[in-house]
Amino acid sequence: MISRLKVRHGSGIREANTYLGQKYIVADSSLIPELLQVLRDQEQFDYCVDITAVHYLDRERQFELIWILYSFPHNERIRVKARFADGESVPSVVPIWPAANWLEREVYDMFGIRFGGHPDLKRILLPDGWKGHPLRKDYGIIQQDQEWVQINLGIESGQ
Amino acid sequence: MTDRTSHLELEQHEKTFLDSNELIINMGPQHPATHGVLRVILKLDGEKVLGTECVIGYLHRGVEKIAEHRTYTMFNPYVDRMDYVAAVSNGLGYCEAVEKLLSAEAPPRAKYIRVILTELNRLASHMLWLGTHALDIGAITPLFYTFRDREEILKIFEKYCGARLTTHAFRIGGCVYETYEGFEREVKKFLDFVAPKIDEYEELLTTNRIWVERTKGVGKISAKECIALGVTGPVLRASGVKWDLRKAQPYAAYADFDFEIPIGQNGDTYDRYIVRMQEMRQSLRIIEQAVGKIPDGPIMAKVPKVMKPPVGEIYHSIEAPKGELGYFIVSDGSTQPYRVRVRPPSFVNLQALDMMVRGQLVADVIAVIGTLDIVLGEVDC
């Protein structure tokens, strides 16, 4: 499968490896979403298990997006990873897997990563008016949107 | 949370007075049938549902953020608070994920104890689901029956680890508690006690005319739709997909046991009920096999007191009572995880609600929320 993908996408596949028995592909961000579309259509990864991100403050491209996929016909999992810069728009995969809808909203809510082409991108767990994205590494563990708390809850501080 | 804007509300504002037969109503977040703080905005035409939107997050506690500020061991009790009616499953998934990252493996004895407690927890979770789901639909009696019997499971948990709900029963590397004196005997006694009780629940409901009319053909979802929406667990199986992570990618000691994966055909609320009832019987089968042959030996693998997994990442998932519960953990080589992502089954399954209730009646929304078996602690994490 990897060789097939490499033939098609060439150097866009930066790394294809296994760690602790789990397969992963590190792809160029320009290959998203075409690579994911190919994985679903040609390699039968029909189930999008999870979409998430990891924030690396010291990297030039701060966010690593991770798509965890599963194939029912092959009983196989794969992780696709790609790096994006802060403020860069990530192509939405909702047209490929409808399951991505809430998962991408959660990533947007927690990291502030925008998904281009998402049908209804807005916060999902935090209130709409909240400022900040808590899973970024520069967001403190007891940090909160004081102003929101004071206006909406009528208390000085939630801490 | 008044500042939430909904696309349904916005659509309503744009409409003229002529469309007065469409109505937006709000269900929850304080509503006995939403099983917690779930708010559903319903767009109705009379009794017919035209669309829904779920508003969630009222129980968000930032579990993933907390994980980044705790050591691997310290984070262990937090996972119990996600799906708080199946805390043992959450703990199993987390412990196994970290063990994989450490390249450690729990000893056979610990694996058997884990299977027994996890399956008991699956029973407890399904019992709670059955009682509350039936109550929502209007059958009060099953609630008393299931709570009475669930109590026996909680007693075993309490005797084993001192806690009834948020058990923190397992540790990274195995189990911390040896089974108590008479554990096997009590579990066997419980199996004999509960098997006829499950028949009793079925007697109350399976052929009950009201139950059948309220559930057959309600909230249908096809296998294809389930897979596209990432729906797993009994909901997926009731749509005819024979897929269970305990069989597909066995973990703990599940490969040692003989059990079936019950499936349905129609993907409606009734089939999901039947599938869960059969799953309870299969859990009994697994426990029966496991309790008879718990191997001797240590219950804890050799894991370092201060855990520093090598730099890398892992995704490990288990078949929780509600579906695929996954943990994605990134280690930077320090004592604290760099990132923990929980893939909660309830969150993903709840996304299917809108599709399942469109064109149905308001009362069916209640039935479908019940049949999805969501726990808001897990939806919101």
# chains A, B, ... in the order shown; residues from 1 in each chain; ligands from 1
>>> select_by_dssp(residues="stretch 103-305 of chain B", states="strand (DSSP E or B)", output="list in words")
Phe170, Arg171, Gly174, Cys175 and Met300 of chain B
>>> interface_residues(of="chain B", to="chain A", cutoff="6 Å", atoms="only C-alpha atoms", output="list in words")
Arg4, Ile56, Gly57, Ile227, Ala228, Leu229 and Gly230 of chain B
>>> write_last_selection(atoms="C-alpha atoms", output="compact mmCIF listing (two decimals), in the first residue's frame")
# COMPACT_ATOMS: atom_id res chain seq x y z
CA ARG B 4 -24.92 30.07 21.67
CA ILE B 56 -22.96 20.20 24.39
CA GLY B 57 -20.09 21.16 26.63
CA ILE B 227 -19.63 3.73 9.31
CA ALA B 228 -19.73 7.13 7.59
CA LEU B 229 -20.60 8.80 10.89
CA GLY B 230 -18.08 6.78 12.88
>>> select_by_dssp(residues="chain A", states="helix (DSSP H, G or I)", output="VMD selection string")
chain A and resid 2 to 12 29 to 31 34 to 41 100 to 111 146 to 153
>>> write_last_selection(atoms="C-alpha atoms", output="short mmCIF file (atom, residue, chain, number, x, y, z; two decimals), in the first residue's frame")
data_model
loop_
_atom_site.label_atom_id
_atom_site.label_comp_id
_atom_site.auth_asym_id
_atom_site.auth_seq_id
_atom_site.Cartn_x
_atom_site.Cartn_y
_atom_site.Cartn_z
CA ILE A 2 2.78 2.39 0.96
CA SER A 3 4.58 1.79 -2.32
CA ARG A 4 1.36 2.45 -4.23
CA LEU A 5 0.95 5.72 -2.36
CA LYS A 6 4.57 6.67 -2.96
CA VAL A 7 4.24 6.08 -6.69
CA ARG A 8 1.21 8.32 -6.77
CA HIS A 9 2.37 11.09 -4.45
CA GLY A 10 6.13 10.87 -4.70
CA SER A 11 8.11 12.90 -2.22
CA GLY A 12 4.91 14.26 -0.65
CA SER A 29 0.38 19.41 4.16
CA SER A 30 -0.27 20.06 0.47
CA LEU A 31 -1.34 16.42 0.06
CA GLU A 34 -6.20 14.26 -1.66
CA LEU A 35 -4.21 11.63 0.21
CA LEU A 36 -7.08 11.03 2.63
CA GLN A 37 -9.53 10.77 -0.26
CA VAL A 38 -7.29 8.14 -1.88
CA LEU A 39 -6.99 6.25 1.39
CA ARG A 40 -10.76 6.03 1.63
CA ASP A 41 -11.55 5.33 -1.99
CA ALA A 100 -15.32 14.56 10.84
CA ASN A 101 -17.90 17.28 11.46
CA TRP A 102 -17.84 17.33 15.27
CA LEU A 103 -14.24 16.14 15.46
CA GLU A 104 -13.04 19.13 13.44
CA ARG A 105 -15.22 21.46 15.48
CA GLU A 106 -13.54 20.14 18.60
CA VAL A 107 -10.06 20.69 17.14
CA TYR A 108 -11.08 24.23 16.17
CA ASP A 109 -12.48 24.84 19.65
CA MET A 110 -9.43 23.52 21.47
CA PHE A 111 -6.61 24.72 19.18
CA GLN A 146 -12.29 36.40 32.91
CA GLU A 147 -14.47 38.79 30.98
CA TRP A 148 -16.77 36.02 29.79
CA VAL A 149 -17.04 34.57 33.27
CA GLN A 150 -17.86 37.95 34.80
CA ILE A 151 -20.49 38.87 32.23
CA ASN A 152 -22.15 35.49 31.84
CA LEU A 153 -21.83 33.91 35.26
#
>>> residues_around(residues="A:Pro73", least_positions_apart="6", cutoff="10 Å", atoms="only C-alpha atoms", output="PyMOL selection string")
chain A and resi 43-46
>>> residues_around(residues="stretch 105-108 of chain B", least_positions_apart="6", cutoff="10 Å", atoms="only C-alpha atoms", output="list of chain:residue names")
B:Cys95, B:Glu96, B:Val98, B:Glu99, B:Arg114, B:Arg171, B:Ile172, B:Gly173, B:Gly174, B:Cys175, B:Ala252, B:Ala253, B:Ile294, B:Pro295, B:Asp296, B:Gly297, B:Pro298, B:Ile299, B:Met300, B:Ala301, B:Lys302, B:Val303
>>> atom_distance(atom1="atom CA of B:Ile113", atom2="atom CA of B:Val291")
8.2 Å
>>> residues_around(residues="B:Gln249", least_positions_apart="5", cutoff="9 Å", atoms="only C-alpha atoms", output="mmCIF file with C-alpha atoms, in the first residue's frame")
data_model
loop_
_atom_site.group_PDB
_atom_site.id
_atom_site.type_symbol
_atom_site.label_atom_id
_atom_site.label_comp_id
_atom_site.auth_asym_id
_atom_site.auth_seq_id
_atom_site.Cartn_x
_atom_site.Cartn_y
_atom_site.Cartn_z
ATOM 1 C CA ASN A 75 -9.147 -4.706 9.924
ATOM 2 C CA ASP B 244 -16.393 -5.802 18.077
ATOM 3 C CA ALA B 255 -8.518 -13.900 22.775
ATOM 4 C CA ILE B 318 -10.984 -0.904 23.480
#
>>> residues_around(residues="B:Met277", least_positions_apart="4", cutoff="12 Å", atoms="only C-alpha atoms", output="PyMOL selection string")
chain B and resi 122-123+125-127+129-130+195+197-203+205-206+234+238+261-264+270-273+281-284
>>> write_last_selection(atoms="C-alpha atoms", output="compact mmCIF listing (two decimals), in the first residue's frame")
# COMPACT_ATOMS: atom_id res chain seq x y z
CA ARG B 122 -20.36 -3.76 30.88
CA LEU B 123 -23.28 -5.54 32.54
CA SER B 125 -23.61 -0.13 32.21
CA HIS B 126 -26.14 -2.02 30.09
CA MET B 127 -28.41 -2.48 33.11
CA TRP B 129 -29.05 1.90 30.15
CA LEU B 130 -31.99 -0.51 30.10
CA ALA B 195 -28.86 -15.00 34.43
CA LYS B 197 -32.91 -11.80 35.93
CA ILE B 198 -31.98 -10.95 32.34
CA ASP B 199 -34.75 -13.29 31.19
CA GLU B 200 -37.02 -11.41 33.55
CA TYR B 201 -36.18 -8.06 31.92
CA GLU B 202 -36.89 -9.59 28.54
CA GLU B 203 -40.23 -10.94 29.78
CA LEU B 205 -40.26 -5.83 27.39
CA THR B 206 -39.41 -8.04 24.42
CA PRO B 234 -24.06 -1.81 19.96
CA ALA B 238 -27.64 -3.53 15.58
CA ILE B 261 -20.97 -10.97 18.68
CA PRO B 262 -24.74 -10.43 18.64
CA ILE B 263 -25.99 -8.42 15.67
CA GLY B 264 -29.31 -7.02 14.48
CA TYR B 270 -35.77 -2.41 19.02
CA ASP B 271 -32.79 -4.16 17.46
CA ARG B 272 -30.39 -2.15 19.58
CA TYR B 273 -32.34 -3.28 22.62
CA ARG B 281 -25.60 -12.80 28.17
CA GLN B 282 -22.31 -12.94 26.28
CA SER B 283 -20.64 -10.98 29.08
CA LEU B 284 -21.89 -13.61 31.51
>>> residues_around(residues="stretch 374-378 of chain B", least_positions_apart="2", cutoff="9 Å", atoms="only C-alpha atoms", output="PyMOL selection string")
chain B and resi 34-38+56-61+81-85+129+322+344-347+349-350+369-372+380-381
>>> write_last_selection(atoms="C-alpha atoms", output="short mmCIF file (atom, residue, chain, number, x, y, z; two decimals), in the first residue's frame")
data_model
loop_
_atom_site.label_atom_id
_atom_site.label_comp_id
_atom_site.auth_asym_id
_atom_site.auth_seq_id
_atom_site.Cartn_x
_atom_site.Cartn_y
_atom_site.Cartn_z
CA THR B 34 -31.51 13.74 28.20
CA HIS B 35 -29.49 11.71 30.73
CA GLY B 36 -27.46 14.66 31.88
CA VAL B 37 -26.84 18.15 30.64
CA LEU B 38 -27.58 17.78 26.95
CA ILE B 56 -22.96 20.20 24.39
CA GLY B 57 -20.09 21.16 26.63
CA TYR B 58 -21.95 21.88 29.88
CA LEU B 59 -19.94 19.19 31.61
CA HIS B 60 -16.61 19.97 29.97
CA ARG B 61 -13.83 19.67 32.53
CA ARG B 81 -14.80 10.44 35.53
CA MET B 82 -15.47 10.39 31.81
CA ASP B 83 -17.93 7.55 31.37
CA TYR B 84 -18.74 7.36 35.04
CA VAL B 85 -21.09 4.41 34.67
CA TRP B 129 -29.05 1.90 30.15
CA LYS B 322 -20.80 2.36 24.34
CA PRO B 344 -15.02 9.07 23.44
CA PRO B 345 -17.63 6.78 21.86
CA SER B 346 -20.58 8.79 23.23
CA PHE B 347 -19.37 12.01 21.59
CA ASN B 349 -22.27 8.42 18.45
CA LEU B 350 -24.31 11.45 19.52
CA ILE B 369 -31.32 9.61 22.92
CA GLY B 370 -31.93 6.63 25.19
CA THR B 371 -30.98 4.05 22.60
CA LEU B 372 -27.72 5.82 21.73
CA ASP B 380 -18.05 16.61 27.09
CA CYS B 381 -14.91 15.11 28.67
#
>>> decode(residues="stretch 151-278 of chain B", atoms="C-alpha atoms", output="short mmCIF file (atom, residue, chain, number, x, y, z; two decimals), in the first residue's frame")
data_model
loop_
_atom_site.label_atom_id
_atom_site.label_comp_id
_atom_site.auth_asym_id
_atom_site.auth_seq_id
_atom_site.Cartn_x
_atom_site.Cartn_y
_atom_site.Cartn_z
CA GLU B 151 -26.26 -3.17 43.10
CA GLU B 152 -24.80 -6.68 43.33
CA ILE B 153 -22.11 -5.75 40.79
CA LEU B 154 -21.27 -2.57 42.68
CA LYS B 155 -20.93 -4.62 45.86
CA ILE B 156 -18.29 -6.77 44.16
CA PHE B 157 -16.45 -3.63 43.01
CA GLU B 158 -16.63 -2.15 46.48
CA LYS B 159 -15.27 -5.30 48.04
CA TYR B 160 -12.49 -5.49 45.46
CA CYS B 161 -11.24 -1.91 45.44
CA GLY B 162 -13.28 0.09 47.93
CA ALA B 163 -15.16 2.17 45.39
CA ARG B 164 -18.46 1.60 43.64
CA LEU B 165 -18.46 3.96 40.67
CA THR B 166 -15.15 5.69 40.06
CA THR B 167 -13.25 2.56 40.87
CA HIS B 168 -9.65 3.24 39.78
CA ALA B 169 -9.37 -0.55 39.85
CA PHE B 170 -6.33 -0.95 37.59
CA ARG B 171 -2.86 0.48 37.55
CA ILE B 172 -0.39 0.88 34.72
CA GLY B 173 1.30 -2.52 34.60
CA GLY B 174 -1.50 -4.64 36.05
CA CYS B 175 -3.73 -4.51 39.09
CA VAL B 176 -2.84 -3.18 42.48
CA TYR B 177 -5.27 -5.29 44.49
CA GLU B 178 -5.25 -9.05 44.79
CA THR B 179 -8.69 -10.64 44.60
CA TYR B 180 -10.30 -10.87 48.00
CA GLU B 181 -11.05 -14.08 49.84
CA GLY B 182 -14.02 -15.74 48.15
CA PHE B 183 -13.94 -13.49 45.06
CA GLU B 184 -14.42 -16.36 42.60
CA ARG B 185 -17.24 -17.82 44.67
CA GLU B 186 -19.05 -14.50 44.88
CA VAL B 187 -18.71 -13.79 41.18
CA LYS B 188 -20.03 -17.26 40.35
CA LYS B 189 -22.91 -16.73 42.76
CA PHE B 190 -23.66 -13.46 41.04
CA LEU B 191 -23.69 -15.16 37.62
CA ASP B 192 -26.24 -17.71 38.83
CA PHE B 193 -28.27 -14.89 40.35
CA VAL B 194 -28.30 -12.59 37.37
CA ALA B 195 -28.86 -15.00 34.43
CA PRO B 196 -32.58 -15.52 35.22
CA LYS B 197 -32.91 -11.80 35.93
CA ILE B 198 -31.98 -10.95 32.34
CA ASP B 199 -34.75 -13.29 31.19
CA GLU B 200 -37.02 -11.41 33.55
CA TYR B 201 -36.18 -8.06 31.92
CA GLU B 202 -36.89 -9.59 28.54
CA GLU B 203 -40.23 -10.94 29.78
CA LEU B 204 -41.19 -7.39 30.71
CA LEU B 205 -40.26 -5.83 27.39
CA THR B 206 -39.41 -8.04 24.42
CA THR B 207 -43.00 -8.86 23.45
CA ASN B 208 -44.63 -5.99 25.31
CA ARG B 209 -46.89 -4.31 22.76
CA ILE B 210 -46.26 -0.77 23.93
CA TRP B 211 -42.49 -1.33 23.99
CA VAL B 212 -42.49 -2.86 20.52
CA GLU B 213 -44.59 -0.05 19.04
CA ARG B 214 -42.42 2.61 20.61
CA THR B 215 -39.16 1.06 19.44
CA LYS B 216 -39.66 -0.88 16.17
CA GLY B 217 -38.71 1.22 13.16
CA VAL B 218 -37.75 4.15 15.40
CA GLY B 219 -34.41 5.89 14.87
CA LYS B 220 -33.28 3.71 12.01
CA ILE B 221 -29.68 3.90 10.89
CA SER B 222 -28.09 1.73 8.24
CA ALA B 223 -24.68 0.09 8.44
CA LYS B 224 -23.34 2.42 5.76
CA GLU B 225 -24.52 5.49 7.63
CA CYS B 226 -23.06 4.19 10.88
CA ILE B 227 -19.63 3.73 9.31
CA ALA B 228 -19.73 7.13 7.59
CA LEU B 229 -20.60 8.80 10.89
CA GLY B 230 -18.08 6.78 12.88
CA VAL B 231 -20.78 5.21 15.05
CA THR B 232 -19.54 2.14 16.92
CA GLY B 233 -20.61 -0.23 19.65
CA PRO B 234 -24.06 -1.81 19.96
CA VAL B 235 -25.53 0.83 17.60
CA LEU B 236 -23.26 -0.33 14.78
CA ARG B 237 -23.86 -3.99 15.55
CA ALA B 238 -27.64 -3.53 15.58
CA SER B 239 -27.30 -2.30 12.00
CA GLY B 240 -25.81 -5.63 11.03
CA VAL B 241 -22.06 -5.06 11.22
CA LYS B 242 -20.38 -7.90 13.08
CA TRP B 243 -17.60 -5.81 14.53
CA ASP B 244 -16.39 -5.80 18.08
CA LEU B 245 -12.88 -4.74 19.04
CA ARG B 246 -12.70 -7.61 21.52
CA LYS B 247 -12.71 -9.92 18.46
CA ALA B 248 -11.32 -7.66 15.73
CA GLN B 249 -8.21 -6.60 17.62
CA PRO B 250 -8.23 -8.54 20.88
CA TYR B 251 -6.73 -6.86 23.93
CA ALA B 252 -6.37 -7.92 27.59
CA ALA B 253 -7.17 -11.66 27.65
CA TYR B 254 -10.18 -11.61 25.31
CA ALA B 255 -8.52 -13.90 22.78
CA ASP B 256 -8.76 -16.75 25.35
CA PHE B 257 -12.54 -16.76 25.56
CA ASP B 258 -15.31 -18.11 23.49
CA PHE B 259 -18.15 -15.67 22.85
CA GLU B 260 -20.39 -14.43 20.08
CA ILE B 261 -20.97 -10.97 18.68
CA PRO B 262 -24.74 -10.43 18.64
CA ILE B 263 -25.99 -8.42 15.67
CA GLY B 264 -29.31 -7.02 14.48
CA GLN B 265 -30.67 -6.42 11.01
CA ASN B 266 -32.89 -3.36 11.01
CA GLY B 267 -30.77 -0.85 12.89
CA ASP B 268 -33.78 0.42 14.82
CA THR B 269 -34.29 1.05 18.52
CA TYR B 270 -35.77 -2.41 19.02
CA ASP B 271 -32.79 -4.16 17.46
CA ARG B 272 -30.39 -2.15 19.58
CA TYR B 273 -32.34 -3.28 22.62
CA ILE B 274 -32.11 -6.93 21.54
CA VAL B 275 -28.38 -6.60 20.78
CA ARG B 276 -27.62 -5.17 24.21
CA MET B 277 -29.68 -7.84 25.93
CA GLN B 278 -27.72 -10.53 24.11
#
